[in-house]
Amino acid sequence: MRFLVLLGAPGAGKGTQAMILAQRLGLPHVATGELFRAAVRAGTALGREAQQYMERGELVPDAITVDMLLERIDRPDAGEGVILDGFPRSRTQAEALEAALLERGMAVDRALLVDVPAEDLVGRLSGRWVCRLAGHPYHVISNPPRIPGICDVDGSALEQREDDRPEVVRARLARQLAPMQSVVEYYRARGVLRTVDGRQPIDDVTRDLIAAVETVRPGA
Ligand code: AP5
């Protein structure tokens, strides 16, 4: 059982790394942002509610987010562990996760902070393209697809995310960095935080993340 949390500012590279780690470690990748975007596409009540916050660059309220996340990690594919991407995003979410895992006899093994300075984030988000089918992320300069406009992994078309428009990016960075820092401190206090330099090339970030989780033994 391995329960890993990926932390980082918007655009730090959590999604990029979570997809690679999920393959390498054989664990499901659970991203609350992707769960919300899927709900928006499906037009559910949850999606309609979440969309109002996402398009303003705000965090979706904790109660909605926690319920959605706990329902997801109770599914059978999460039985051997999970890589959480984009959750927890507030101290309340971190406390709710800890309590829920305790009830299930588990705990967060590692919280992995992908650390990127604020001045790099706007360029990462404004140059990002994601695939329509699964959200695989690309970047016009640092991580281009082999064929322009087409996902290397599944062949679907690439598009820009609604919340990567400049005014929403500014709001996301203004509103979400402080709560993220409170979650970093939460896991630092519990001794499970490891920080990786997210300014490195993607493969080097992956190498450092793998090194940081290798000390967590499955089943420990
Ligand atoms: P979410 O989807 O989680 O967005 P985010 O946290 O803002 O993170 P991003 O997906 O924008 O960035 P990332 O860190 O995954 O970076 P990526 O790998 O794509 O959330 C969206 C919204 O949903 C939130 O704003 C909120 O409203 C809501 N929400 C979600 N979870 C919530 C929660 N728990 N509570 C409340 N609300 C919630 O990389 C970015 C770019 O950089 C890409 O172009 C990539 O190719 C490139 N890149 C990646 N790594 C590198 C590298 N090492 N060097 C150079 N370029 C790189």
# chains A, B, ... in the order shown; residues from 1 in each chain; ligands from 1

$ residues_around --residues "Gln176 (chain A)" --least-positions-apart "2" --cutoff "9 Å" --atoms "only C-alpha atoms" --output "VMD selection string"
chain A and resid 9 to 10 57 to 59 89 171 to 174 178 to 181

$ residues_near_ligand --ligand "ligand 1" --cutoff "7 Å" --atoms "only C-alpha atoms and all ligand atoms" --output "count of residues only"
46

$ closest_residue --among "A:Cys151, A:Ala100, A:Val40, A:Leu112" --to "Gly191 (chain A)" --atoms "only C-alpha atoms"
A:Leu112

$ residues_around --residues "Gly149 (chain A)" --least-positions-apart "3" --cutoff "8 Å" --atoms "only C-alpha atoms" --output "list in words"
Pro145, Ala157, Leu158 and Glu159 of chain A

$ write_last_selection --atoms "all heavy atoms" --output "PDB file, in the first residue's frame"
ATOM      1  N   PRO A 145       4.501  18.104 -28.573  1.00  0.00           N
ATOM      2  CA  PRO A 145       4.131  16.779 -29.085  1.00  0.00           C
ATOM      3  C   PRO A 145       4.953  16.457 -30.334  1.00  0.00           C
ATOM      4  O   PRO A 145       5.461  17.369 -30.987  1.00  0.00           O
ATOM      5  CB  PRO A 145       2.650  16.942 -29.426  1.00  0.00           C
ATOM      6  CG  PRO A 145       2.499  18.406 -29.723  1.00  0.00           C
ATOM      7  CD  PRO A 145       3.478  19.125 -28.849  1.00  0.00           C
ATOM      8  N   ALA A 157      -6.931  15.261 -30.258  1.00  0.00           N
ATOM      9  CA  ALA A 157      -6.532  16.643 -30.551  1.00  0.00           C
ATOM     10  C   ALA A 157      -6.113  17.371 -29.277  1.00  0.00           C
ATOM     11  O   ALA A 157      -6.627  17.087 -28.185  1.00  0.00           O
ATOM     12  CB  ALA A 157      -7.715  17.373 -31.189  1.00  0.00           C
ATOM     13  N   LEU A 158      -5.174  18.300 -29.427  1.00  0.00           N
ATOM     14  CA  LEU A 158      -4.752  19.112 -28.280  1.00  0.00           C
ATOM     15  C   LEU A 158      -5.559  20.405 -28.244  1.00  0.00           C
ATOM     16  O   LEU A 158      -5.917  20.954 -29.288  1.00  0.00           O
ATOM     17  CB  LEU A 158      -3.257  19.434 -28.368  1.00  0.00           C
ATOM     18  CG  LEU A 158      -2.304  18.241 -28.447  1.00  0.00           C
ATOM     19  CD1 LEU A 158      -0.853  18.724 -28.416  1.00  0.00           C
ATOM     20  CD2 LEU A 158      -2.551  17.252 -27.309  1.00  0.00           C
ATOM     21  N   GLU A 159      -5.810  20.876 -27.027  1.00  0.00           N
ATOM     22  CA  GLU A 159      -6.549  22.126 -26.855  1.00  0.00           C
ATOM     23  C   GLU A 159      -6.010  22.861 -25.631  1.00  0.00           C
ATOM     24  O   GLU A 159      -5.301  22.258 -24.818  1.00  0.00           O
ATOM     25  CB  GLU A 159      -8.052  21.848 -26.688  1.00  0.00           C
ATOM     26  CG  GLU A 159      -8.356  20.977 -25.482  1.00  0.00           C
ATOM     27  CD  GLU A 159      -9.806  20.502 -25.414  1.00  0.00           C
ATOM     28  OE1 GLU A 159     -10.528  20.605 -26.418  1.00  0.00           O
ATOM     29  OE2 GLU A 159     -10.187  20.019 -24.331  1.00  0.00           O
TER      30      GLU A 159
END

$ closest_residue --among "A:Arg175, A:Gly105, A:Pro28, A:Leu6" --to "Val196 (chain A)" --atoms "only C-alpha atoms"
A:Leu6

$ atom_distance --atom1 "CA of Val108 (chain A)" --atom2 "CA of Leu4 (chain A)"
6.1 Å
